[in-house]
Structures are given as structure tokens and as C-alpha cells.
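Below: structure_19.tsv (TSV, C-alpha atoms)
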chain	number	residue	atom	x	y	z
A	15	MET	CA	0.00	0.00	0.00
A	16	ALA	CA	1.52	3.29	-1.05
A	17	LEU	CA	1.68	6.30	1.22
A	18	PHE	CA	-1.08	8.08	-0.72
A	19	ASP	CA	-3.38	5.11	-0.18
A	20	ILE	CA	-2.86	5.18	3.58
A	21	PHE	CA	-3.95	8.79	3.87
A	22	ARG	CA	-6.28	9.20	0.91
A	23	ARG	CA	-9.41	9.34	3.03
A	24	ARG	CA	-7.96	11.34	5.89
A	25	LYS	CA	-8.44	15.10	5.99
A	26	ALA	CA	-6.16	17.25	8.07
A	27	GLU	CA	-8.09	19.53	10.44
A	28	PRO	CA	-6.49	22.79	11.64
A	29	VAL	CA	-5.22	22.13	15.14
A	30	ALA	CA	-3.59	24.59	17.46
A	31	PRO	CA	-0.04	23.52	18.36
A	32	THR	CA	0.18	21.68	21.65
A	33	PRO	CA	3.23	21.28	23.87
A	34	ALA	CA	5.46	18.43	22.82
A	35	PRO	CA	5.70	15.47	25.18
A	36	GLU	CA	8.82	15.39	27.25
A	37	VAL	CA	11.46	13.30	25.56
A	38	GLU	CA	14.77	12.34	27.00
A	39	ALA	CA	17.50	12.82	24.42
A	40	THR	CA	20.98	12.20	25.68
A	41	THR	CA	22.69	11.27	22.46
A	42	HIS	CA	23.15	14.85	21.34
A	43	SER	CA	22.26	18.42	22.10
A	44	ALA	CA	20.28	20.03	19.34
A	45	PRO	CA	21.17	23.53	18.22
A	46	GLU	CA	18.45	26.10	17.89
A	47	VAL	CA	16.03	25.04	15.16
A	48	GLU	CA	14.70	27.20	12.38
A	49	ALA	CA	11.20	26.11	11.35
A	50	THR	CA	9.34	27.79	8.55
A	51	THR	CA	5.80	27.22	7.39
A	52	HIS	CA	4.72	28.53	4.03
A	53	SER	CA	1.50	28.54	2.08
A	54	ALA	CA	1.98	27.74	-1.59
A	55	PRO	CA	0.29	30.11	-4.01
A	56	GLU	CA	0.96	27.62	-6.80
A	57	LEU	CA	-0.91	24.88	-4.95
A	58	PRO	CA	-4.12	26.42	-3.57
A	59	ALA	CA	-5.97	24.11	-1.19
A	60	GLU	CA	-9.14	25.83	-0.09
A	61	GLU	CA	-10.72	22.40	0.10
A	62	PRO	CA	-8.74	19.19	0.69
A	63	ALA	CA	-8.50	17.29	-2.59
A	64	GLU	CA	-8.15	13.63	-3.37
A	65	VAL	CA	-4.83	12.60	-4.92
A	66	VAL	CA	-5.67	11.94	-8.56
A	67	PRO	CA	-4.38	8.56	-9.79
A	68	ALA	CA	-2.11	8.55	-12.82
A	69	ARG	CA	-3.91	8.20	-16.14
A	70	GLN	CA	-2.72	5.45	-18.46
A	71	GLU	CA	-1.84	7.96	-21.16
A	72	GLU	CA	0.49	9.77	-18.74
A	73	ILE	CA	2.35	6.54	-17.99
A	74	ASP	CA	2.40	5.66	-21.70
A	75	GLU	CA	4.07	8.98	-22.51
A	76	GLY	CA	6.49	8.71	-19.58
A	77	LEU	CA	7.67	5.26	-20.66
A	78	LYS	CA	7.63	5.96	-24.39
A	79	LYS	CA	11.41	5.80	-24.82
A	80	THR	CA	11.63	2.55	-22.86
A	81	LYS	CA	8.89	0.99	-24.99
A	82	GLU	CA	10.46	2.11	-28.26
A	83	GLY	CA	13.90	0.87	-27.23
A	84	PHE	CA	12.69	-2.49	-25.98
A	85	PHE	CA	10.40	-3.29	-28.89
A	86	GLY	CA	12.91	-1.98	-31.41
A	87	LYS	CA	15.42	-4.56	-30.16
A	88	LEU	CA	12.75	-7.25	-29.94
A	89	ALA	CA	11.59	-6.61	-33.52
A	90	ARG	CA	15.14	-7.10	-34.77
A	91	ALA	CA	15.43	-10.36	-32.84
A	92	VAL	CA	12.09	-11.65	-34.19
A	93	ALA	CA	12.71	-10.67	-37.82
A	94	GLY	CA	12.66	-13.66	-40.15
A	95	ARG	CA	11.76	-16.19	-37.46
A	96	SER	CA	8.65	-18.33	-37.23
A	97	GLN	CA	9.10	-20.03	-33.87
A	98	VAL	CA	10.67	-19.70	-30.46
A	99	ASP	CA	13.73	-21.95	-30.36
A	100	GLU	CA	17.05	-22.03	-28.53
A	101	SER	CA	18.65	-19.57	-30.92
A	102	PHE	CA	15.80	-17.12	-30.49
A	103	LEU	CA	15.92	-17.42	-26.69
A	104	ASP	CA	19.61	-16.50	-26.81
A	105	ASP	CA	18.71	-13.36	-28.74
A	106	LEU	CA	15.84	-12.59	-26.36
A	107	GLU	CA	18.21	-12.89	-23.43
A	108	GLU	CA	20.42	-10.24	-25.01
A	109	VAL	CA	17.42	-7.97	-25.63
A	110	LEU	CA	16.35	-8.16	-21.98
A	111	ILE	CA	19.83	-7.61	-20.58
A	112	THR	CA	20.54	-4.64	-22.84
A	113	SER	CA	17.15	-3.20	-21.80
A	114	ASP	CA	18.47	-3.09	-18.21
A	115	VAL	CA	16.15	-5.77	-16.88
A	116	GLY	CA	19.20	-7.26	-15.15
A	117	VAL	CA	20.98	-10.59	-15.57
A	118	GLU	CA	19.32	-12.50	-12.73
A	119	THR	CA	15.81	-11.44	-13.68
A	120	THR	CA	16.51	-12.09	-17.36
A	121	VAL	CA	17.63	-15.64	-16.59
A	122	LYS	CA	14.43	-16.18	-14.60
A	123	ILE	CA	12.27	-14.96	-17.50
A	124	ILE	CA	14.15	-17.09	-20.07
A	125	ARG	CA	13.85	-20.22	-17.93
A	126	ASN	CA	10.12	-19.69	-17.53
A	127	ILE	CA	9.69	-19.28	-21.29
A	128	GLU	CA	11.84	-22.38	-21.94
A	129	ALA	CA	9.57	-24.37	-19.62
A	130	ARG	CA	6.50	-23.18	-21.52
A	131	VAL	CA	8.07	-24.04	-24.88
A	132	ALA	CA	8.96	-27.52	-23.61
A	133	ARG	CA	5.45	-28.04	-22.27
A	134	ASP	CA	3.63	-26.73	-25.34
A	135	LYS	CA	6.19	-28.28	-27.73
A	136	TYR	CA	5.83	-25.36	-30.12
A	137	MET	CA	5.43	-21.63	-29.75
A	138	ASN	CA	5.47	-19.04	-32.50
A	139	THR	CA	6.89	-15.56	-32.14
A	140	ALA	CA	3.42	-14.01	-32.44
A	141	GLU	CA	2.69	-15.40	-29.00
A	142	LEU	CA	5.86	-14.01	-27.47
A	143	ASN	CA	4.58	-10.56	-26.51
A	144	ALA	CA	1.71	-12.06	-24.55
A	145	ILE	CA	4.10	-14.46	-22.80
A	146	LEU	CA	6.57	-11.69	-21.93
A	147	ARG	CA	3.72	-9.56	-20.65
A	148	ASP	CA	2.58	-12.39	-18.38
A	149	GLU	CA	6.08	-13.06	-17.05
A	150	ILE	CA	6.83	-9.41	-16.27
A	151	SER	CA	3.46	-8.92	-14.64
A	152	LEU	CA	4.00	-11.99	-12.45
A	153	LEU	CA	7.42	-10.77	-11.34
A	154	LEU	CA	6.02	-7.41	-10.27
A	155	LYS	CA	3.05	-9.07	-8.59
A	156	GLU	CA	5.33	-11.42	-6.67
A	157	CYS	CA	7.24	-8.40	-5.40
A	158	GLU	CA	4.02	-6.82	-4.16
A	159	GLU	CA	3.03	-10.01	-2.40
A	160	LYS	CA	6.43	-10.26	-0.69
A	161	SER	CA	5.97	-6.82	0.84
A	162	ASP	CA	4.21	-7.07	4.17
A	163	ASN	CA	5.44	-3.73	5.49
A	164	PHE	CA	2.72	-1.49	4.16
A	165	GLY	CA	-0.51	-2.90	5.46
A	166	LEU	CA	0.03	-0.61	8.43
A	167	SER	CA	-2.67	0.55	10.80
A	168	ILE	CA	-1.81	4.22	11.26
A	169	THR	CA	-2.53	5.54	14.72
A	170	GLU	CA	-4.61	8.70	14.53
A	171	GLY	CA	-2.54	11.67	15.63
A	172	THR	CA	0.80	9.94	15.14
A	173	PRO	CA	2.88	11.18	12.19
A	174	TYR	CA	3.78	8.65	9.50
A	175	VAL	CA	7.55	8.94	9.13
A	176	VAL	CA	9.42	8.35	5.87
A	177	MET	CA	13.22	8.40	5.81
A	178	VAL	CA	14.38	9.07	2.24
A	179	VAL	CA	17.77	7.75	1.11
A	180	GLY	CA	19.69	7.74	-2.15
A	181	VAL	CA	22.81	9.09	-3.84
A	182	ASN	CA	23.22	12.73	-4.73
A	183	GLY	CA	21.77	13.43	-8.16
A	184	ALA	CA	19.20	10.61	-8.10
A	185	GLY	CA	16.36	13.08	-7.59
A	186	LYS	CA	15.97	12.54	-3.86
A	187	THR	CA	15.26	16.15	-2.89
A	188	THR	CA	12.95	16.64	-5.85
A	189	THR	CA	11.05	13.47	-4.97
A	190	ILE	CA	10.57	14.68	-1.41
A	191	GLY	CA	9.29	18.04	-2.68
A	192	LYS	CA	6.86	16.51	-5.17
A	193	LEU	CA	5.59	14.00	-2.61
A	194	ALA	CA	5.10	16.77	-0.04
A	195	ALA	CA	3.24	18.89	-2.60
A	196	GLN	CA	0.79	16.13	-3.44
A	197	LEU	CA	0.21	15.21	0.19
A	198	THR	CA	-0.48	18.80	1.22
A	199	LYS	CA	-2.79	19.12	-1.78
A	200	ALA	CA	-4.71	16.16	-0.35
A	201	GLY	CA	-5.21	18.10	2.89
A	202	LEU	CA	-2.41	16.59	4.98
A	203	LYS	CA	-0.03	18.44	7.29
A	204	VAL	CA	3.53	17.65	6.18
A	205	PHE	CA	6.83	18.30	7.95
A	206	ILE	CA	10.17	18.02	6.16
A	207	GLY	CA	13.47	17.46	7.96
A	208	ALA	CA	16.62	18.67	6.15
A	209	ALA	CA	18.99	16.04	7.55
A	210	ASP	CA	21.37	16.23	4.59
A	211	THR	CA	23.51	18.78	6.40
A	212	PHE	CA	26.67	18.18	4.39
A	213	ARG	CA	25.60	20.29	1.42
A	214	ALA	CA	24.23	23.79	1.89
A	215	ALA	CA	22.70	23.55	-1.59
A	216	ALA	CA	20.66	20.51	-0.52
A	217	ILE	CA	19.13	22.43	2.39
A	218	ASP	CA	18.36	25.46	0.24
A	219	GLN	CA	16.86	23.35	-2.53
A	220	LEU	CA	14.66	21.53	-0.02
A	221	GLN	CA	13.52	24.88	1.36
A	222	VAL	CA	12.36	25.94	-2.10
A	223	TRP	CA	10.33	22.76	-2.42
A	224	ALA	CA	8.87	23.18	1.07
A	225	ASP	CA	7.80	26.71	0.13
A	226	ARG	CA	6.10	25.48	-3.03
A	227	ALA	CA	4.42	22.57	-1.26
A	228	GLY	CA	3.15	24.50	1.75
A	229	ALA	CA	5.02	22.16	4.10
A	230	THR	CA	6.84	22.95	7.34
A	231	MET	CA	10.62	22.80	7.06
A	232	ILE	CA	12.95	22.01	9.96
A	233	ARG	CA	16.55	22.90	9.27
A	234	GLN	CA	19.82	23.62	11.01
A	235	ASP	CA	23.15	25.01	9.91
A	236	MET	CA	25.33	23.18	7.43
A	237	GLY	CA	27.50	20.63	9.23
A	238	SER	CA	24.99	20.03	12.03
A	239	ASP	CA	24.38	16.50	13.28
A	240	PRO	CA	21.82	14.90	10.90
A	241	ALA	CA	20.35	12.90	13.78
A	242	SER	CA	19.75	16.15	15.64
A	243	VAL	CA	17.74	17.51	12.72
A	244	ALA	CA	15.67	14.32	12.53
A	245	PHE	CA	15.07	14.42	16.30
A	246	ASP	CA	13.86	18.01	16.25
A	247	THR	CA	11.71	17.44	13.16
A	248	LEU	CA	9.82	14.58	14.79
A	249	LYS	CA	9.51	16.43	18.07
A	250	SER	CA	7.97	19.44	16.32
A	251	ALA	CA	5.78	17.24	14.10
A	252	VAL	CA	4.31	15.45	17.12
A	253	ALA	CA	3.71	18.74	18.94
A	254	ASN	CA	1.90	20.17	15.92
A	255	LYS	CA	-0.06	17.00	15.08
A	256	ALA	CA	1.49	16.52	11.65
A	257	ASP	CA	0.25	13.70	9.42
A	258	VAL	CA	3.47	12.95	7.55
A	259	VAL	CA	7.17	13.54	8.17
A	260	LEU	CA	9.69	13.28	5.32
A	261	ILE	CA	13.34	13.10	6.39
A	262	ASP	CA	16.01	13.87	3.79
A	263	THR	CA	19.42	12.23	4.30
A	264	ALA	CA	22.88	12.63	2.80
A	265	GLY	CA	23.53	10.71	-0.40
A	266	ARG	CA	27.06	9.41	0.08
A	267	LEU	CA	28.31	5.96	-0.89
A	268	HIS	CA	32.08	6.37	-0.69
A	269	ASN	CA	32.14	4.92	2.83
A	270	LYS	CA	29.49	2.26	3.35
A	271	VAL	CA	30.37	1.80	7.03
A	272	GLY	CA	30.00	5.52	7.67
A	273	LEU	CA	26.71	5.59	5.78
A	274	MET	CA	25.39	2.63	7.74
A	275	ASN	CA	26.37	4.20	11.05
A	276	GLU	CA	24.81	7.55	10.16
A	277	LEU	CA	21.50	6.06	9.00
A	278	SER	CA	21.37	3.80	12.07
A	279	LYS	CA	21.91	6.79	14.34
A	280	ILE	CA	19.11	8.73	12.61
A	281	ARG	CA	16.75	5.76	12.99
A	282	ASN	CA	17.61	5.30	16.67
A	283	VAL	CA	17.12	8.97	17.49
A	284	MET	CA	13.75	9.13	15.72
A	285	ALA	CA	12.60	6.09	17.68
A	286	LYS	CA	13.02	8.13	20.87
A	287	ILE	CA	10.13	10.31	19.71
A	288	ILE	CA	8.00	7.77	17.85
A	289	PRO	CA	8.94	4.21	18.85
A	290	ASP	CA	8.31	2.55	15.48
A	291	ALA	CA	9.76	5.35	13.33
A	292	PRO	CA	10.66	5.42	10.54
A	293	HIS	CA	7.64	3.58	9.22
A	294	GLU	CA	9.09	3.63	5.72
A	295	VAL	CA	12.61	3.87	4.33
A	296	MET	CA	12.33	4.96	0.71
A	297	LEU	CA	15.27	4.51	-1.64
A	298	VAL	CA	15.29	6.94	-4.58
A	299	LEU	CA	17.01	5.62	-7.70
A	300	ASP	CA	17.74	7.36	-11.00
A	301	GLY	CA	16.20	5.11	-13.65
A	302	SER	CA	18.40	6.60	-16.37
A	303	THR	CA	21.54	5.11	-14.77
A	304	GLY	CA	20.48	1.57	-15.65
A	305	GLN	CA	22.83	-0.98	-14.09
A	306	ASN	CA	24.33	1.60	-11.72
A	307	ALA	CA	20.93	1.71	-10.03
A	308	PHE	CA	21.32	-1.97	-9.14
A	309	GLU	CA	24.61	-1.27	-7.35
A	310	GLN	CA	23.11	1.65	-5.48
A	311	ALA	CA	20.23	-0.57	-4.38
A	312	ARG	CA	22.73	-3.17	-3.11
A	313	GLN	CA	24.66	-0.57	-1.13
A	314	PHE	CA	21.66	1.05	0.50
A	315	THR	CA	19.79	-2.16	1.27
A	316	ALA	CA	22.97	-3.34	3.02
A	317	ALA	CA	23.19	-0.08	4.97
A	318	THR	CA	19.58	0.20	6.15
A	319	LYS	CA	16.18	-1.49	5.99
A	320	VAL	CA	14.84	-0.15	2.71
A	321	ASN	CA	11.19	-1.12	2.20
A	322	SER	CA	10.04	1.03	-0.71
A	323	LEU	CA	11.46	2.44	-3.93
A	324	ALA	CA	10.97	5.59	-5.97
A	325	ILE	CA	12.48	5.42	-9.46
A	326	THR	CA	12.97	8.79	-11.13
A	327	LYS	CA	13.71	10.22	-14.60
A	328	LEU	CA	12.00	7.40	-16.50
A	329	ASP	CA	10.64	9.80	-19.10
A	330	GLY	CA	14.08	10.67	-20.45
A	331	THR	CA	15.55	7.19	-20.78
A	332	ALA	CA	15.15	3.89	-22.61
A	333	LYS	CA	16.32	2.10	-19.46
A	334	GLY	CA	12.93	1.76	-17.77
A	335	GLY	CA	13.41	-2.02	-17.66
A	336	VAL	CA	15.36	-1.36	-14.48
A	337	VAL	CA	11.98	-1.21	-12.68
A	338	ILE	CA	11.46	-4.93	-13.37
A	339	GLY	CA	14.91	-6.11	-12.36
A	340	ILE	CA	15.25	-4.10	-9.17
A	341	SER	CA	11.75	-5.02	-7.98
A	342	ASP	CA	12.45	-8.69	-8.62
A	343	GLN	CA	16.02	-8.95	-7.32
A	344	PHE	CA	15.56	-6.99	-4.12
A	345	GLY	CA	11.97	-7.96	-3.33
A	346	ILE	CA	11.15	-4.31	-2.59
A	347	PRO	CA	8.02	-2.70	-4.05
A	348	VAL	CA	8.26	0.34	-6.30
A	349	HIS	CA	5.84	2.87	-4.84
A	350	TYR	CA	6.53	5.91	-7.00
A	351	ILE	CA	7.93	6.67	-10.44
A	352	GLY	CA	9.05	10.01	-11.84
A	353	ILE	CA	7.87	10.58	-15.40
A	354	GLY	CA	8.59	14.30	-15.85
A	355	GLU	CA	9.79	17.48	-14.21
A	356	GLY	CA	6.35	18.79	-13.23
A	357	ILE	CA	5.39	18.88	-9.59
A	358	ASP	CA	2.53	16.45	-10.29
A	359	GLN	CA	4.66	14.03	-12.32
A	360	LEU	CA	5.66	11.85	-9.40
A	361	LYS	CA	3.13	9.03	-9.78
A	362	ILE	CA	2.02	6.12	-7.66
A	363	PHE	CA	3.43	3.04	-9.36
A	364	ASP	CA	0.82	0.67	-10.72
A	365	ARG	CA	2.19	-2.54	-12.21
A	366	LYS	CA	-0.79	-2.92	-14.57
A	367	GLN	CA	-0.23	0.57	-15.96
A	368	TYR	CA	3.47	-0.14	-16.32
A	369	VAL	CA	2.90	-3.38	-18.23
A	370	ASN	CA	0.18	-1.77	-20.35
A	371	ALA	CA	2.59	1.05	-21.24
A	372	LEU	CA	5.08	-1.50	-22.56
A	373	PHE	CA	2.68	-3.91	-24.26
A	374	GLY	CA	-0.60	-2.02	-24.64
A	375	ASP	CA	-0.83	-2.03	-28.43
A	376	LYS	CA	1.57	-4.84	-29.21
Just give me the structure of the file as C-alpha cells.
Amino acid sequence: MALFDIFRRRKAEPVAPTPAPEVEATTHSAPEVEATTHSAPELPAEEPAEVVPARQEEIDEGLKKTKEGFFGKLARAVAGRSQVDESFLDDLEEVLITSDVGVETTVKIIRNIEARVARDKYMNTAELNAILRDEISLLLKECEEKSDNFGLSITEGTPYVVMVVGVNGAGKTTTIGKLAAQLTKAGLKVFIGAADTFRAAAIDQLQVWADRAGATMIRQDMGSDPASVAFDTLKSAVANKADVVLIDTAGRLHNKVGLMNELSKIRNVMAKIIPDAPHEVMLVLDGSTGQNAFEQARQFTAATKVNSLAITKLDGTAKGGVVIGISDQFGIPVHYIGIGEGIDQLKIFDRKQYVNALFGDK
């Protein structure tokens, strides 16, 4: 269940701030916090609005390059053939791998097709698109079924906390801003914690997004303890009865041990305010990086308990097959995809829409 689904029917009521509960925090002393709340003229919300699901045509357009690249390669592999045989399966394997589906997932798909060919004795290439569609759909469905982290019963009055991780340049800050904008549009009170304190530009960029979204931003000076920012964000969010808290984190992979320690510290400090926080650890991956996204997923899943994915920049790349491979290999559901630069072009991922975008008229 995606974050939008959890809150879709909840409407945030204006509530006067109440004193925060006393919390013992001995791990650090937090510097004075700057909190700013802004209304967004670009996103008027006189009445809370439902989050509008993505239309199929939007997903079709966003994945257009992936579809053209994949089916262009597939058409060349099929040309002049009348049946699916061992030679064709070798070519299909190359098509899938070069479409960034990933080696392990490609092998799984090929083996499943081989089993069907052996069972049915004969299969012509005209049937192949339907078979590929089935196999890809099953892989994505299996991933959804493996995820048991999102059937959460949200306690009324307790903020739902999302810690967002990912390398610099993947679109992490932009994803947070777009998600905040859509949640506030739906009538929810959103707090953002700028815990990437190693880059002043990251804090400033997040502030711009908070301003546009009408969210409350908690920030400290560059170089401050990220755990301190997360602590103060949750403390303020609880005091002000926020619905959602989005915590940005630094996107560094050069030292995996340091990354692991930092993310663990942030998690532990947040748990002092809300015992089961963070409820969600969202890894943001740049879909245009193809196989590099797999390595980033390996690094971050080793460093912390990632339980959702947001894959960005799919509109500008032919490497959208990465959605299939990463979902399958890591058993983590894709919750959001970025299909454009617009503030409303972060979409809830729907596997049926994704498969339809690839195979809809084939």
C-alpha cells in the first residue's frame, strides 16, 4: 500500500499547536532550530482534494522511450523467425539484458519461457509478446506479495515517518518536494526534515520545495548533526499534530560503514520520539543510470532497511526495464515513479499501468 493510499481518506483539520511530550534525548544536544511554514500560491488548497491517480496515457508517454527501445530490439530479434527456439531465446536474453532488466531477472524470464516451450512443444513468435507480458506482470506481482510492510494501521494523531535515502543526483530532494506537494494538496499536514547537512545547496533546494508545497521545514546550519535535525523534526511534528514527516538524508556511498552508522543513528534517534519510526525507508534511484541503479540498491539495502522504492527520470531514458529487475532482485516494491519534471509528475506506481505502457498495443 503506497503512502497516498494510507492517507487518501484522511483530511487534516487545523489544530492549534500543543506542547510536545517530554522526551529524554541524551545522544546529542540540538542547536536552535529554524522552522518555517509557508503557504503555496501555486498549490491552492481551499478544500482538501483527493490525490488523482495517474492516467494510463500519462504513464504511456512517460515510458515511451523505454517501450520504443525495448520493442525496437525485440523486432530485430524476431525478424525472419517463425518459432521460439534455442537460438531465439539466446537473442531474447540479449534484448532483456541490454534493456536493463538485469541478468538474474533475465535468466528467470528465459527459464520460464523455456519451460512453456517444452510443455507446449511449439510456440510461435506471435505469442511471445503475450508471454513476456505475463512473465513481467508476475514478477512485479510477486514483489508486491512479498511486501508485508505497508498494510500498516496508522494511529490517529501519530505522524507517519518516511526516511528518504539515495545518492546525490538521483532526484531525492525533488522526490521529497513533489511528494510533499501532493500530500499537502490532499489536505495533509507535512513536515520536512533537512537532515542532509553536508551540502548547503541541498538544504536550500529543499527549502524551495517546502515553500512550493506548503510544508513545514525544519533545518539547522550546514554541518549540524543529521540525527539532531531528525530528532527536532519529529519532536515538532508530534507537537503540531502533523500527518506525515519526510526526512532527507545525505547521499554518500564512498564509505558504506560511515553511511550505515549515520542512518542507524538517525533511525535510533527518531525512535526516541515515535517508537516505530521510521515507518518507511524509501530509496530513490535514478532510472536513467540503468545498471548503476542496481549497485546503489545493493549498497543502501545493506546499509539500512529499505522497504520502498521511488524510481525517477523514467521519461528521459530507454532504461525503464530497471523497474522490473530491481523489484524482482531486491523484493522491494516500487511505490513511485518520476515521469517528468512537473510537480505532479511523481506518480504512484501501478504494475498494470506499467505493463500496459510496454505492451498495450503490441
Name the residues in contact with Lys319 (chain A) at a cut-off of 8 Å, using only C-alpha atoms, excluding same-chain residues fewer than 3 positions from it; report them as a ChimeraX atom specification.
/A:295,315-316
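If you look at CA of Ala208 (chain A) and CA of Thr318 (chain A), they are 18.7 Å away from each other.
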Region 87-91 of chain A environment, 12 Å, all atoms listed in the file, sequence neighbours closer than 4 positions dropped, as a PyMOL selection string
chain A and resi 80-83+95-99+101-113+139-140+142-143+146+332+376
Proximity to Ile362 (chain A) - best of A:Ser322, A:Thr331, A:Asn126, A:Ser151, only C-alpha atoms
A:Ser322
For region 344-352 of chain A, find every residue with an atom within 6 Å (counting only C-alpha atoms), except residues of its own chain fewer than 6 positions away, and show them as a list of chain:residue names.
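Contacts, with the query itself left out: A:Ala16, A:Cys157, A:Glu158, A:Asn321, A:Ser322, A:Leu323, A:Ala324, A:Ile325, A:Thr326, A:Lys327, A:Gln359, A:Leu360, A:Lys361, A:Ile362, A:Phe363.
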Sorted by chain and rising residue number, list the residues of region 96-201 of chain A at most 12 Å from region 284-288 of chain A (counting only C-alpha atoms), each with its closest atom pair and distance in Å to one decimal, as JSON lines.
{"residue": "A:Thr169", "atom": "CA", "partner": "A:Ile288", "partner_atom": "CA", "distance": 11.2}
{"residue": "A:Gly171", "atom": "CA", "partner": "A:Ile288", "partner_atom": "CA", "distance": 11.5}
{"residue": "A:Thr172", "atom": "CA", "partner": "A:Ile288", "partner_atom": "CA", "distance": 8.0}
{"residue": "A:Pro173", "atom": "CA", "partner": "A:Ile288", "partner_atom": "CA", "distance": 8.4}
{"residue": "A:Tyr174", "atom": "CA", "partner": "A:Ile288", "partner_atom": "CA", "distance": 9.4}
{"residue": "A:Val175", "atom": "CA", "partner": "A:Ile288", "partner_atom": "CA", "distance": 8.8}
{"residue": "A:Val176", "atom": "CA", "partner": "A:Met284", "partner_atom": "CA", "distance": 10.8}
{"residue": "A:Met177", "atom": "CA", "partner": "A:Met284", "partner_atom": "CA", "distance": 10.0}
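Between CA of Gly356 (chain A) and CA of Thr188 (chain A) the separation is 10.1 Å.
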Using all atoms listed in the file, find the one residue out of A:Lys255, A:Arg213, A:His293, A:Arg226 that sits nearest to Lys199 (chain A).
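Ranked by minimum distance to Lys199 (chain A), first place goes to A:Arg226.
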Just the number, please: distance in Å from CA of Gly354 (chain A) to CA of Met296 (chain A), one decimal.
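According to the coordinates, CA of Gly354 (chain A) and CA of Met296 (chain A) are separated by 19.4 Å.
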Just checking: using only C-alpha atoms, which residue out of A:Gly304, A:Asp342, A:Ser238, A:Glu100 ends up closest to Val131 (chain A)?
A:Glu100
Nearest residue to Val178 (chain A) out of A:Gly228, A:Pro292, A:Gly237, A:Gly272, using only C-alpha atoms?
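Closest candidate: A:Pro292.
If all atoms listed in the file are the atoms counted, then among A:Arg312, A:Arg133, A:Arg233, A:Arg266 the closest residue to Gly183 (chain A) is A:Arg266.
Of the residues under consideration (A:Phe205, A:Phe212, A:Tyr368, A:Trp223), A:Trp223 shows the shortest atom-to-atom contact distance to Thr187 (chain A) when counting all atoms listed in the file.
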Env of Val181 (chain A): 12 Å cut, atoms = all atoms listed in the file, seq-sep filter 4 positions within chain, self excluded. Answer as a PDB file with C-alpha atoms, in the coordinates of the input.
ATOM      1  CA  GLY A 185      16.360  13.080  -7.590  1.00  0.00           C
ATOM      2  CA  LYS A 186      15.970  12.540  -3.860  1.00  0.00           C
ATOM      3  CA  THR A 187      15.260  16.150  -2.890  1.00  0.00           C
ATOM      4  CA  ASP A 210      21.370  16.230   4.590  1.00  0.00           C
ATOM      5  CA  ASP A 262      16.010  13.870   3.790  1.00  0.00           C
ATOM      6  CA  THR A 263      19.420  12.230   4.300  1.00  0.00           C
ATOM      7  CA  ALA A 264      22.880  12.630   2.800  1.00  0.00           C
ATOM      8  CA  GLY A 265      23.530  10.710  -0.400  1.00  0.00           C
ATOM      9  CA  ARG A 266      27.060   9.410   0.080  1.00  0.00           C
ATOM     10  CA  LEU A 267      28.310   5.960  -0.890  1.00  0.00           C
ATOM     11  CA  HIS A 268      32.080   6.370  -0.690  1.00  0.00           C
ATOM     12  CA  LYS A 270      29.490   2.260   3.350  1.00  0.00           C
ATOM     13  CA  LEU A 273      26.710   5.590   5.780  1.00  0.00           C
ATOM     14  CA  LEU A 297      15.270   4.510  -1.640  1.00  0.00           C
ATOM     15  CA  VAL A 298      15.290   6.940  -4.580  1.00  0.00           C
ATOM     16  CA  LEU A 299      17.010   5.620  -7.700  1.00  0.00           C
ATOM     17  CA  ASP A 300      17.740   7.360 -11.000  1.00  0.00           C
ATOM     18  CA  THR A 303      21.540   5.110 -14.770  1.00  0.00           C
ATOM     19  CA  ASN A 306      24.330   1.600 -11.720  1.00  0.00           C
ATOM     20  CA  ALA A 307      20.930   1.710 -10.030  1.00  0.00           C
ATOM     21  CA  GLU A 309      24.610  -1.270  -7.350  1.00  0.00           C
ATOM     22  CA  GLN A 310      23.110   1.650  -5.480  1.00  0.00           C
ATOM     23  CA  ALA A 311      20.230  -0.570  -4.380  1.00  0.00           C
ATOM     24  CA  GLN A 313      24.660  -0.570  -1.130  1.00  0.00           C
ATOM     25  CA  PHE A 314      21.660   1.050   0.500  1.00  0.00           C
TER      26      PHE A 314
END
